[in-house]
$ cat final23.cif   # mmCIF, C-alpha atoms and all ligand atoms
data_upload
#
loop_
_atom_site.label_atom_id
_atom_site.label_comp_id
_atom_site.auth_asym_id
_atom_site.auth_seq_id
_atom_site.Cartn_x
_atom_site.Cartn_y
_atom_site.Cartn_z
CA MET M 1 -37.34 -86.41 -55.80
CA THR M 2 -37.46 -83.32 -58.01
CA SER M 3 -41.00 -81.90 -58.00
CA LEU M 4 -42.96 -81.27 -61.17
CA SER M 5 -42.98 -77.54 -60.47
CA ALA M 6 -39.16 -77.54 -60.19
CA VAL M 7 -39.00 -79.49 -63.46
CA LEU M 8 -41.29 -76.98 -65.22
CA LYS M 9 -39.23 -74.08 -63.91
CA ARG M 10 -35.92 -75.59 -65.02
CA ASN M 11 -37.34 -76.48 -68.46
CA ALA M 12 -38.52 -72.90 -68.98
CA GLN M 13 -35.11 -71.60 -67.89
CA SER M 14 -33.35 -73.94 -70.32
CA ALA M 15 -35.40 -72.42 -73.14
CA GLN M 16 -33.92 -69.01 -72.30
CA GLU M 17 -30.40 -70.43 -72.19
CA ILE M 18 -30.43 -71.84 -75.72
CA VAL M 19 -31.81 -68.85 -77.65
CA THR M 20 -28.42 -68.16 -79.20
CA LEU M 21 -27.80 -71.85 -80.00
CA SER M 22 -31.19 -72.75 -81.47
CA THR M 23 -31.79 -70.54 -84.49
CA ALA M 24 -33.43 -70.71 -87.91
CA ALA M 25 -29.98 -71.37 -89.39
CA ASN M 26 -29.08 -73.91 -86.69
CA PRO M 27 -32.21 -75.76 -85.53
CA THR M 28 -32.02 -78.09 -82.52
CA VAL M 29 -32.56 -81.64 -83.76
CA GLY M 30 -34.55 -84.23 -81.80
CA VAL M 31 -35.04 -87.80 -83.03
CA PHE M 32 -37.93 -89.57 -81.27
CA VAL M 33 -38.14 -93.29 -81.98
CA GLY M 34 -41.49 -94.71 -80.80
CA ALA M 35 -43.28 -91.38 -80.57
CA THR M 36 -46.70 -91.94 -82.12
CA SER M 37 -48.03 -92.34 -78.58
CA GLY M 38 -47.29 -91.94 -74.90
CA ILE M 39 -43.95 -90.87 -73.48
CA GLY M 40 -42.20 -90.31 -76.83
CA GLU M 41 -45.11 -88.25 -78.18
CA ASN M 42 -45.33 -86.07 -75.08
CA THR M 43 -41.58 -85.57 -74.77
CA ALA M 44 -41.59 -84.42 -78.40
CA TYR M 45 -44.28 -81.85 -77.48
CA ALA M 46 -42.11 -80.58 -74.61
CA PHE M 47 -39.13 -80.42 -76.99
CA ALA M 48 -41.17 -78.25 -79.37
CA LYS M 49 -42.38 -76.08 -76.48
CA TYR M 50 -38.95 -75.29 -75.01
CA THR M 51 -36.80 -75.21 -78.14
CA PRO M 52 -36.75 -71.96 -80.13
CA TYR M 53 -36.13 -73.69 -83.48
CA PRO M 54 -36.80 -77.44 -83.26
CA ARG M 55 -36.41 -79.99 -86.02
CA ILE M 56 -38.20 -83.18 -84.97
CA TYR M 57 -38.26 -86.71 -86.35
CA ILE M 58 -41.21 -88.85 -85.20
CA VAL M 59 -40.83 -92.60 -85.76
CA GLY M 60 -43.47 -95.33 -85.41
CA ARG M 61 -45.80 -97.48 -87.52
CA ASN M 62 -49.13 -95.69 -87.07
CA VAL M 63 -49.37 -93.22 -89.95
CA ASP M 64 -52.53 -91.44 -88.74
CA ALA M 65 -51.05 -90.85 -85.31
CA GLY M 66 -47.75 -89.74 -86.85
CA ASN M 67 -49.46 -87.17 -89.06
CA ARG M 68 -51.63 -85.90 -86.19
CA ILE M 69 -48.58 -85.42 -83.98
CA VAL M 70 -46.60 -83.63 -86.69
CA ALA M 71 -49.53 -81.18 -87.11
CA LYS M 72 -49.80 -80.65 -83.35
CA LEU M 73 -46.07 -79.96 -83.01
CA GLN M 74 -46.51 -77.15 -85.52
CA THR M 75 -49.23 -75.56 -83.37
CA ILE M 76 -47.09 -75.79 -80.22
CA ASN M 77 -44.26 -73.91 -81.92
CA PRO M 78 -44.69 -72.52 -85.46
CA ASN M 79 -40.90 -72.66 -85.92
CA THR M 80 -41.02 -76.47 -85.72
CA GLN M 81 -39.96 -78.56 -88.69
CA ALA M 82 -41.41 -81.99 -88.01
CA THR M 83 -41.64 -85.14 -90.11
CA PHE M 84 -43.10 -88.58 -89.56
CA HIS M 85 -41.13 -91.71 -90.53
CA ARG M 86 -42.91 -95.05 -90.73
CA HIS M 87 -40.63 -97.88 -89.65
CA ASP M 88 -40.91 -101.15 -87.79
CA MET M 89 -38.15 -100.91 -85.22
CA THR M 90 -38.13 -104.63 -84.49
CA LEU M 91 -36.15 -104.90 -87.74
CA ILE M 92 -32.47 -103.95 -87.87
CA SER M 93 -32.79 -103.25 -91.60
CA GLN M 94 -35.54 -100.70 -90.81
CA ALA M 95 -33.40 -99.12 -88.08
CA ASP M 96 -30.69 -98.76 -90.72
CA ALA M 97 -33.08 -97.32 -93.31
CA PHE M 98 -34.31 -94.68 -90.87
CA SER M 99 -30.79 -93.85 -89.66
CA GLN M 100 -29.69 -93.40 -93.27
CA THR M 101 -32.46 -90.80 -93.77
CA VAL M 102 -31.23 -88.81 -90.78
CA LEU M 103 -27.58 -89.15 -91.82
CA GLU M 104 -28.45 -87.72 -95.24
CA GLN M 105 -30.48 -84.81 -93.86
CA GLU M 106 -28.68 -83.67 -90.72
CA LYS M 107 -25.27 -82.42 -89.70
CA LYS M 108 -25.89 -83.03 -86.00
CA VAL M 109 -28.43 -84.52 -83.59
CA ASN M 110 -29.02 -83.00 -80.15
CA LEU M 111 -31.31 -85.66 -78.75
CA LEU M 112 -31.81 -89.29 -79.58
CA PHE M 113 -34.90 -90.35 -77.64
CA LEU M 114 -35.77 -94.04 -77.72
CA SER M 115 -39.11 -95.20 -76.31
CA PRO M 116 -40.61 -97.76 -78.72
CA GLY M 117 -42.28 -100.65 -76.98
CA PHE M 118 -45.26 -102.89 -76.45
CA LEU M 119 -46.44 -105.23 -73.71
CA ALA M 120 -47.46 -108.78 -74.60
CA LEU M 121 -47.66 -112.05 -72.69
CA SER M 122 -46.70 -114.11 -75.72
CA GLY M 123 -43.56 -116.21 -75.75
CA ARG M 124 -40.56 -115.84 -78.03
CA THR M 125 -41.75 -114.39 -81.34
CA GLU M 126 -39.09 -114.05 -84.02
CA SER M 127 -39.02 -111.26 -86.57
CA ALA M 128 -38.21 -112.06 -90.20
CA GLU M 129 -34.59 -111.31 -89.21
CA GLY M 130 -34.61 -114.01 -86.49
CA ILE M 131 -34.62 -111.74 -83.40
CA ASP M 132 -37.28 -111.97 -80.70
CA THR M 133 -39.51 -108.92 -81.23
CA LYS M 134 -39.58 -107.90 -77.53
CA MET M 135 -35.78 -107.94 -77.38
CA ALA M 136 -35.56 -106.12 -80.71
CA ILE M 137 -37.94 -103.28 -79.77
CA ASN M 138 -36.45 -102.78 -76.33
CA TYR M 139 -32.77 -103.24 -77.13
CA TYR M 140 -31.35 -104.32 -80.50
CA GLY M 141 -33.37 -101.94 -82.73
CA ARG M 142 -32.81 -99.01 -80.36
CA TRP M 143 -29.06 -99.47 -80.09
CA ARG M 144 -28.65 -100.00 -83.82
CA VAL M 145 -30.04 -96.47 -84.29
CA VAL M 146 -27.69 -95.22 -81.56
CA GLU M 147 -24.67 -96.85 -83.19
CA LYS M 148 -25.53 -95.36 -86.58
CA LEU M 149 -26.40 -91.84 -85.39
CA LEU M 150 -23.70 -91.36 -82.74
CA PRO M 151 -21.41 -89.47 -85.14
CA LEU M 152 -24.17 -86.85 -85.47
CA VAL M 153 -24.75 -86.67 -81.71
CA GLU M 154 -21.01 -86.19 -81.28
CA LYS M 155 -21.12 -83.26 -83.71
CA ALA M 156 -23.66 -81.52 -81.45
CA ALA M 157 -21.42 -82.17 -78.44
CA GLU M 158 -18.39 -80.74 -80.24
CA SER M 159 -20.34 -77.49 -80.75
CA GLU M 160 -21.00 -77.33 -76.97
CA GLU M 161 -24.70 -77.98 -77.59
CA ASN M 162 -26.90 -80.46 -75.73
CA ALA M 163 -26.07 -83.95 -76.96
CA ARG M 164 -27.87 -86.81 -75.25
CA VAL M 165 -29.13 -90.34 -75.83
CA VAL M 166 -32.09 -91.48 -73.72
CA SER M 167 -33.44 -95.04 -73.67
CA VAL M 168 -36.80 -95.16 -71.85
CA LEU M 169 -37.41 -98.55 -70.33
CA ALA M 170 -37.54 -99.90 -66.81
CA PRO M 171 -34.19 -99.99 -65.01
CA GLY M 172 -34.29 -101.86 -61.74
CA THR M 173 -34.27 -105.50 -62.79
CA GLU M 174 -30.65 -105.66 -63.94
CA GLY M 175 -28.93 -108.83 -62.91
CA PRO M 176 -27.22 -111.99 -64.04
CA VAL M 177 -27.97 -112.92 -67.62
CA ASN M 178 -27.60 -116.27 -69.38
CA MET M 179 -24.13 -115.92 -70.89
CA ASN M 180 -24.62 -119.05 -73.00
CA ASP M 181 -27.88 -117.82 -74.50
CA LEU M 182 -27.76 -114.02 -74.62
CA ASP M 183 -30.55 -113.73 -77.20
CA LEU M 184 -32.64 -116.32 -75.31
CA LYS M 185 -33.18 -118.65 -78.22
CA HIS M 186 -33.40 -121.61 -75.84
CA ASN M 187 -34.26 -120.17 -72.40
CA TYR M 188 -37.04 -117.71 -73.14
CA SER M 189 -39.49 -116.58 -70.45
CA LEU M 190 -41.05 -113.19 -69.68
CA PHE M 191 -38.82 -112.95 -66.60
CA ASN M 192 -35.64 -113.77 -68.55
CA VAL M 193 -36.41 -111.48 -71.48
CA ASN M 194 -37.16 -108.56 -69.16
CA ARG M 195 -33.90 -109.11 -67.30
CA HIS M 196 -31.85 -109.42 -70.49
CA PHE M 197 -33.09 -106.28 -72.25
CA THR M 198 -32.95 -104.22 -69.04
CA GLU M 199 -29.39 -105.34 -68.27
CA PHE M 200 -28.31 -104.85 -71.90
CA ASN M 201 -29.63 -101.25 -71.97
CA SER M 202 -27.76 -100.39 -68.77
CA LEU M 203 -24.54 -101.99 -70.04
CA ALA M 204 -24.81 -100.07 -73.32
CA VAL M 205 -25.38 -96.75 -71.53
CA VAL M 206 -22.26 -97.24 -69.38
CA ARG M 207 -20.15 -98.49 -72.29
CA PHE M 208 -21.02 -95.71 -74.70
CA ALA M 209 -20.62 -92.97 -72.08
CA GLN M 210 -16.99 -94.05 -71.65
CA LEU M 211 -16.38 -94.05 -75.39
CA TYR M 212 -18.12 -90.69 -75.94
CA PRO M 213 -17.34 -88.56 -72.86
CA LYS M 214 -18.96 -85.41 -74.25
CA ILE M 215 -22.39 -87.06 -74.64
CA GLY M 216 -24.93 -87.85 -71.90
CA PHE M 217 -26.33 -91.41 -71.98
CA LEU M 218 -29.41 -92.33 -69.95
CA HIS M 219 -31.38 -95.47 -69.26
CA ALA M 220 -34.45 -94.02 -67.57
CA GLY M 221 -37.63 -95.49 -66.14
CA PRO M 222 -40.88 -93.52 -66.30
CA GLY M 223 -42.63 -94.90 -63.22
CA ILE M 224 -46.27 -95.62 -64.11
CA VAL M 225 -47.57 -93.37 -66.88
CA ASN M 226 -51.09 -93.42 -68.26
CA THR M 227 -50.32 -94.30 -71.89
CA GLY M 228 -51.46 -96.91 -74.38
CA ILE M 229 -48.62 -99.33 -73.56
CA GLY M 230 -51.02 -102.10 -72.47
CA ARG M 231 -53.16 -102.04 -75.62
CA GLU M 232 -51.96 -105.46 -76.79
CA LEU M 233 -52.57 -107.19 -73.44
CA PRO M 234 -55.61 -109.48 -73.04
CA TRP M 235 -58.77 -107.65 -71.86
CA TYR M 236 -58.77 -109.31 -68.44
CA VAL M 237 -55.22 -108.08 -67.72
CA ARG M 238 -56.20 -104.56 -68.81
CA VAL M 239 -59.20 -104.66 -66.45
CA ALA M 240 -57.00 -105.93 -63.59
CA VAL M 241 -54.44 -103.13 -63.97
CA LYS M 242 -57.04 -100.38 -64.52
CA PRO M 243 -57.04 -99.26 -60.82
CA PHE M 244 -53.31 -98.48 -61.09
CA THR M 245 -54.00 -95.86 -63.74
CA PHE M 246 -55.55 -93.66 -61.01
CA PHE M 247 -52.09 -93.32 -59.52
CA ALA M 248 -50.34 -92.98 -62.85
CA THR M 249 -48.51 -89.88 -64.07
CA ARG M 250 -50.26 -87.93 -66.81
CA PRO M 251 -48.47 -88.35 -70.18
CA GLN M 252 -47.95 -84.57 -70.49
CA ASP M 253 -46.28 -84.45 -67.06
CA SER M 254 -44.11 -87.40 -68.04
CA GLY M 255 -43.15 -85.50 -71.20
CA GLU M 256 -41.99 -82.57 -69.07
CA ARG M 257 -39.98 -84.88 -66.80
CA PHE M 258 -38.34 -86.61 -69.74
CA PHE M 259 -37.53 -83.29 -71.43
CA TYR M 260 -35.90 -82.29 -68.13
CA ILE M 261 -33.47 -85.21 -68.16
CA ALA M 262 -33.09 -85.20 -71.94
CA GLN M 263 -32.33 -81.49 -72.43
CA GLY M 264 -33.47 -79.16 -69.64
CA SER M 265 -31.32 -80.21 -66.69
CA PRO M 266 -27.53 -79.80 -66.87
CA ASP M 267 -27.11 -82.76 -64.48
CA TYR M 268 -27.27 -85.33 -67.28
CA ARG M 269 -25.21 -83.47 -69.88
CA THR M 270 -22.41 -86.07 -69.92
CA GLY M 271 -21.70 -89.47 -68.41
CA SER M 272 -23.95 -92.49 -67.87
CA HIS M 273 -27.13 -92.36 -65.83
CA ILE M 274 -29.43 -95.19 -64.83
CA ILE M 275 -32.41 -93.63 -63.08
CA ASP M 276 -35.90 -94.56 -61.97
CA GLY M 277 -39.10 -92.54 -62.39
CA ASN M 278 -38.18 -90.34 -59.41
CA PHE M 279 -34.73 -89.53 -60.90
CA LYS M 280 -33.14 -91.78 -58.29
CA SER M 281 -29.83 -93.20 -59.49
CA LEU M 282 -29.62 -96.99 -59.65
CA LYS M 283 -26.18 -97.17 -61.23
CA GLU M 284 -24.23 -97.45 -57.99
CA LYS M 285 -26.34 -100.39 -56.81
CA PHE M 286 -25.83 -102.39 -59.99
CA THR M 287 -22.15 -101.46 -60.24
CA GLU M 288 -21.60 -102.73 -56.69
CA ARG M 289 -23.39 -105.97 -57.50
CA GLY M 290 -21.04 -106.54 -60.45
CA TYR M 291 -23.68 -106.26 -63.19
CA LEU M 292 -22.02 -103.44 -65.13
CA THR M 293 -18.40 -104.62 -65.40
CA PRO M 294 -16.26 -103.64 -68.43
CA GLN M 295 -16.01 -107.32 -69.33
CA LEU M 296 -19.80 -107.70 -69.43
CA GLN M 297 -20.10 -104.49 -71.43
CA GLU M 298 -17.71 -105.81 -74.08
CA THR M 299 -19.15 -109.34 -74.21
CA VAL M 300 -22.72 -108.09 -74.61
CA TRP M 301 -21.76 -105.46 -77.20
CA LYS M 302 -19.81 -108.04 -79.23
CA HIS M 303 -22.93 -110.25 -79.10
CA THR M 304 -25.04 -107.26 -80.17
CA GLU M 305 -22.84 -106.64 -83.22
CA ASP M 306 -23.10 -110.34 -84.12
CA MET M 307 -26.89 -110.12 -83.87
CA PHE M 308 -26.94 -107.06 -86.14
CA ASN M 309 -24.87 -108.90 -88.76
CA GLU M 310 -26.97 -112.07 -88.58
CA ALA M 311 -30.21 -110.07 -88.83
CA LEU M 312 -28.99 -108.11 -91.84
CA ALA M 313 -27.77 -111.28 -93.54
CA LYS M 314 -31.28 -112.76 -93.14
CA SER M 315 -33.06 -109.61 -94.33
CA SER M 316 -30.98 -109.42 -97.52
CA LYS M 317 -31.93 -112.99 -98.56
N1 LIG M 401 -46.21 -96.29 -69.53
C1 LIG M 401 -45.64 -96.87 -68.48
O1 LIG M 401 -46.17 -96.86 -67.35
C2 LIG M 401 -44.30 -97.54 -68.62
C3 LIG M 401 -43.71 -98.08 -67.47
C4 LIG M 401 -42.46 -98.69 -67.56
C5 LIG M 401 -41.82 -98.73 -68.80
N2 LIG M 401 -42.41 -98.19 -69.90
C6 LIG M 401 -41.68 -98.28 -71.17
O2 LIG M 401 -41.58 -96.99 -71.76
C7 LIG M 401 -41.55 -97.11 -73.19
C8 LIG M 401 -42.59 -96.17 -73.78
O3 LIG M 401 -43.87 -96.58 -73.36
P1 LIG M 401 -45.19 -95.72 -73.51
O4 LIG M 401 -45.87 -95.80 -72.21
O5 LIG M 401 -44.90 -94.40 -74.12
O6 LIG M 401 -46.00 -96.66 -74.55
P2 LIG M 401 -46.92 -96.29 -75.80
O7 LIG M 401 -47.77 -95.14 -75.52
O8 LIG M 401 -47.58 -97.57 -76.16
O9 LIG M 401 -45.85 -95.91 -76.92
C9 LIG M 401 -45.04 -96.89 -77.50
C10 LIG M 401 -44.53 -96.40 -78.84
O10 LIG M 401 -43.75 -97.46 -79.40
C11 LIG M 401 -44.09 -97.55 -80.77
N3 LIG M 401 -43.86 -98.89 -81.29
C12 LIG M 401 -44.35 -100.07 -80.83
N4 LIG M 401 -43.94 -101.06 -81.61
C13 LIG M 401 -43.17 -100.51 -82.59
C14 LIG M 401 -42.47 -101.03 -83.71
N5 LIG M 401 -42.47 -102.33 -83.99
N6 LIG M 401 -41.77 -100.16 -84.48
C15 LIG M 401 -41.76 -98.84 -84.21
N7 LIG M 401 -42.40 -98.29 -83.17
C16 LIG M 401 -43.11 -99.12 -82.37
C17 LIG M 401 -45.57 -97.19 -80.84
O11 LIG M 401 -45.87 -96.71 -82.14
P3 LIG M 401 -46.62 -97.52 -83.32
O12 LIG M 401 -47.71 -98.31 -82.71
O13 LIG M 401 -47.05 -96.40 -84.22
O14 LIG M 401 -45.57 -98.35 -83.97
C18 LIG M 401 -45.63 -96.06 -79.83
O15 LIG M 401 -45.32 -94.84 -80.44
C19 LIG M 401 -41.82 -98.58 -73.48
O16 LIG M 401 -40.60 -99.23 -73.71
C20 LIG M 401 -42.43 -99.10 -72.20
O17 LIG M 401 -42.20 -100.48 -72.00
C21 LIG M 401 -43.62 -97.59 -69.84
#
$ encode --input "final23.cif" --output "structure tokens" --more "lines below"
Ligand SMILES: NC(=O)c1ccc[n+]([C@@H]2O[C@H](COP(=O)([O-])OP(=O)(O)OC[C@H]3O[C@@H](n4cnc5c(N)ncnc54)[C@H](OP(=O)(O)O)[C@@H]3O)[C@@H](O)[C@H]2O)c1
Amino acid sequence: MTSLSAVLKRNAQSAQEIVTLSTAANPTVGVFVGATSGIGENTAYAFAKYTPYPRIYIVGRNVDAGNRIVAKLQTINPNTQATFHRHDMTLISQADAFSQTVLEQEKKVNLLFLSPGFLALSGRTESAEGIDTKMAINYYGRWRVVEKLLPLVEKAAESEENARVVSVLAPGTEGPVNMNDLDLKHNYSLFNVNRHFTEFNSLAVVRFAQLYPKIGFLHAGPGIVNTGIGRELPWYVRVAVKPFTFFATRPQDSGERFFYIAQGSPDYRTGSHIIDGNFKSLKEKFTERGYLTPQLQETVWKHTEDMFNEALAKSSK
């Protein structure tokens, strides 16, 4: 396990290394989807802290939080250009609308950081586009943004700058999925949905890293971090899990650790990485078990494209 002090040291060193790359004329661009709270918010703060000239996109639904964070980013580094973008990322049409904004405004993206999420015990809940909202927030919405913005991430890679895509979730529960019901229309349970979106994120990371060898792709778990992720859980569940928060990582420390894998450390510059909250690689285990095969990657991505098309057809009605 890499200690927090080693992480802080490496992050500070990385700031020195990019002074010639991150300039007023060539800002370093970070897109943070799901950053009005928690891990996304705090990783954006670390990005502002260690980047000489950062340009930061904050995405979420909470306007007050978004505006507060944009103002704080400015105080962390006065060179920061930050904007808040209000979008519901359970909707593919909203993922497209946001991506279009970035495509119109940027020539490259150095970091695509995806950490939108919520915890709820409810069963399958379909968005207006017909996708279960837990699957959409944890997988389909995230990877729609990745698909759309990859050309810009590739531009950063071509200039020998940091170019990474990080999906923050909970690797570790990859495993067999229901091949006859990939979007779980008929076989929904909290266990199944967790397995499907975890497996799908890991498959996507491995698939895209092969297609884009100059970009680093990560599916990374945070461990337990003291954020607002449980705010939608019933009160009795929140009371029951309260003791665990004493052992939880502070959000600011988590932000430093995520900046480390997302920009600071050269170890994740290219390739695919599936890592837990202690930076331990899980990829080998799931490769050996046959959960990351090229065939699965293609089948699930083809399904993903079909879901995008069906969702967009519904939203345009
Ligand atoms: N914290 C932990 O211990 C832990 C452990 C394992 C995994 N994770 C995973 O890590 C990720 C980040 O969690 P966190 O702890 O940072 O949680 P958090 O503090 O609750 O942040 C979640 C973010 O997602 C955004 N979000 C939720 N629904 C959205 C929607 N429909 N559209 C757009 N944005 C939406 C929220 O913004 P708005 O409310 O403004 O929309 C918020 O900015 C989640 O996927 C979580 O499951 C966390």
$ residues_near_point --input "final23.cif" --point "(-26.1, -91.8, -63.4)" --cutoff "9 Å" --atoms "only C-alpha atoms" --output "list in words"
Val206, Phe217, Leu218, His219, Tyr268, Gly271, Ser272, His273, Ile274, Ile275, Lys280, Ser281, Leu282, Lys283 and Glu284 of chain M
$ write_last_selection --input "final23.cif" --atoms "C-alpha atoms" --output "PDB file, in the frame of the given file"
ATOM      1  CA  VAL M 206     -22.260 -97.240 -69.380  1.00  0.00           C
ATOM      2  CA  PHE M 217     -26.330 -91.410 -71.980  1.00  0.00           C
ATOM      3  CA  LEU M 218     -29.410 -92.330 -69.950  1.00  0.00           C
ATOM      4  CA  HIS M 219     -31.380 -95.470 -69.260  1.00  0.00           C
ATOM      5  CA  TYR M 268     -27.270 -85.330 -67.280  1.00  0.00           C
ATOM      6  CA  GLY M 271     -21.700 -89.470 -68.410  1.00  0.00           C
ATOM      7  CA  SER M 272     -23.950 -92.490 -67.870  1.00  0.00           C
ATOM      8  CA  HIS M 273     -27.130 -92.360 -65.830  1.00  0.00           C
ATOM      9  CA  ILE M 274     -29.430 -95.190 -64.830  1.00  0.00           C
ATOM     10  CA  ILE M 275     -32.410 -93.630 -63.080  1.00  0.00           C
ATOM     11  CA  LYS M 280     -33.140 -91.780 -58.290  1.00  0.00           C
ATOM     12  CA  SER M 281     -29.830 -93.200 -59.490  1.00  0.00           C
ATOM     13  CA  LEU M 282     -29.620 -96.990 -59.650  1.00  0.00           C
ATOM     14  CA  LYS M 283     -26.180 -97.170 -61.230  1.00  0.00           C
ATOM     15  CA  GLU M 284     -24.230 -97.450 -57.990  1.00  0.00           C
TER      16      GLU M 284
END
$ residues_near_ligand --input "final23.cif" --ligand "ligand LIG 401 (chain M)" --cutoff "7 Å" --atoms "all atoms listed in the file" --output "PyMOL selection string"
chain M and resi 33-41+59-63+65+87-90+115-119+137-138+168-170+221-230
$ residues_around --input "final23.cif" --residues "M:Ile261" --least-positions-apart "6" --cutoff "9 Å" --atoms "all atoms listed in the file" --output "PyMOL selection string"
chain M and resi 166+218+220+267-269+279
$ closest_atom_pairs --input "final23.cif" --of "stretch 128-189 of chain M" --to "stretch 303-313 of chain M" --cutoff "9 Å" --atoms "all atoms listed in the file" --output "Markdown table"
| residue | atom | partner | partner_atom | distance |
| --- | --- | --- | --- | --- |
| M:Ala128 | CA | M:Ala311 | CA | 8.4 |
| M:Glu129 | CA | M:Ala311 | CA | 4.6 |
| M:Gly130 | CA | M:Ala311 | CA | 6.4 |
| M:Ile131 | CA | M:Ala311 | CA | 7.2 |
| M:Tyr140 | CA | M:Thr304 | CA | 7.0 |
| M:Gly141 | CA | M:Phe308 | CA | 8.9 |
| M:Trp143 | CA | M:Thr304 | CA | 8.8 |
| M:Arg144 | CA | M:Phe308 | CA | 7.6 |
| M:Leu182 | CA | M:His303 | CA | 7.6 |
| M:Asp183 | CA | M:Met307 | CA | 8.4 |
$ closest_atom_pairs --input "final23.cif" --of "stretch 207-299 of chain M" --to "stretch 173-179 of chain M" --cutoff "10 Å" --atoms "all atoms listed in the file" --output "tab-separated table"
residue	atom	partner	partner_atom	distance
M:Leu282	CA	M:Glu174	CA	9.7
M:Lys283	CA	M:Glu174	CA	10.0
M:Lys285	CA	M:Glu174	CA	9.9
M:Phe286	CA	M:Glu174	CA	7.0
M:Arg289	CA	M:Gly175	CA	8.3
M:Gly290	CA	M:Gly175	CA	8.6
M:Tyr291	CA	M:Gly175	CA	5.9
M:Leu292	CA	M:Glu174	CA	9.0
M:Leu296	CA	M:Met179	CA	9.4
M:Thr299	CA	M:Met179	CA	8.9
$ atom_distance --input "final23.cif" --atom1 "atom CA of M:Lys214" --atom2 "atom CA of M:Lys9"
25.4 Å
$ closest_residue --input "final23.cif" --among "M:Trp301, M:Tyr45, M:Phe246, M:Phe259" --to "M:Leu112" --atoms "all atoms listed in the file"
M:Phe259
$ atom_distance --input "final23.cif" --atom1 "atom CA of M:Pro52" --atom2 "atom CA of M:Asp276"
29.0 Å
$ atom_distance --input "final23.cif" --atom1 "atom CA of M:Tyr188" --atom2 "atom CA of M:Phe113"
27.8 Å
$ axis_aligned_box --input "final23.cif" --around "stretch 135-147 of chain M" --padding-each-side "4 Å" --output "JSON"
{"center_x": -31.3, "center_y": -101.6, "center_z": -80.3, "size_x": 21.3, "size_y": 20.7, "size_z": 16.0}
$ residues_around --input "final23.cif" --residues "M:Arg124" --least-positions-apart "5" --cutoff "10 Å" --atoms "only C-alpha atoms" --output "list of chain:residue names"
M:Ile131, M:Asp132, M:Thr133, M:Lys134, M:Met135, M:Leu184, M:Lys185, M:His186, M:Asn187, M:Tyr188, M:Ser189, M:Leu190, M:Val193
$ residues_around --input "final23.cif" --residues "M:Val31" --least-positions-apart "3" --cutoff "12 Å" --atoms "only C-alpha atoms" --output "PyMOL selection string"
chain M and resi 28+34-35+40-41+43-44+47-48+54-60+81-85+98-99+101-103+106+108-115+142+145-146+149-150+152-153+163-167+262
$ closest_residue --input "final23.cif" --among "M:Asn180, M:Thr51, M:Ser93, M:Thr245" --to "M:Ile76" --atoms "only C-alpha atoms"
M:Thr51
$ closest_residue --input "final23.cif" --among "M:Thr2, M:Asn42, M:Thr270, M:Thr80" --to "M:Glu161" --atoms "all atoms listed in the file"
M:Thr270
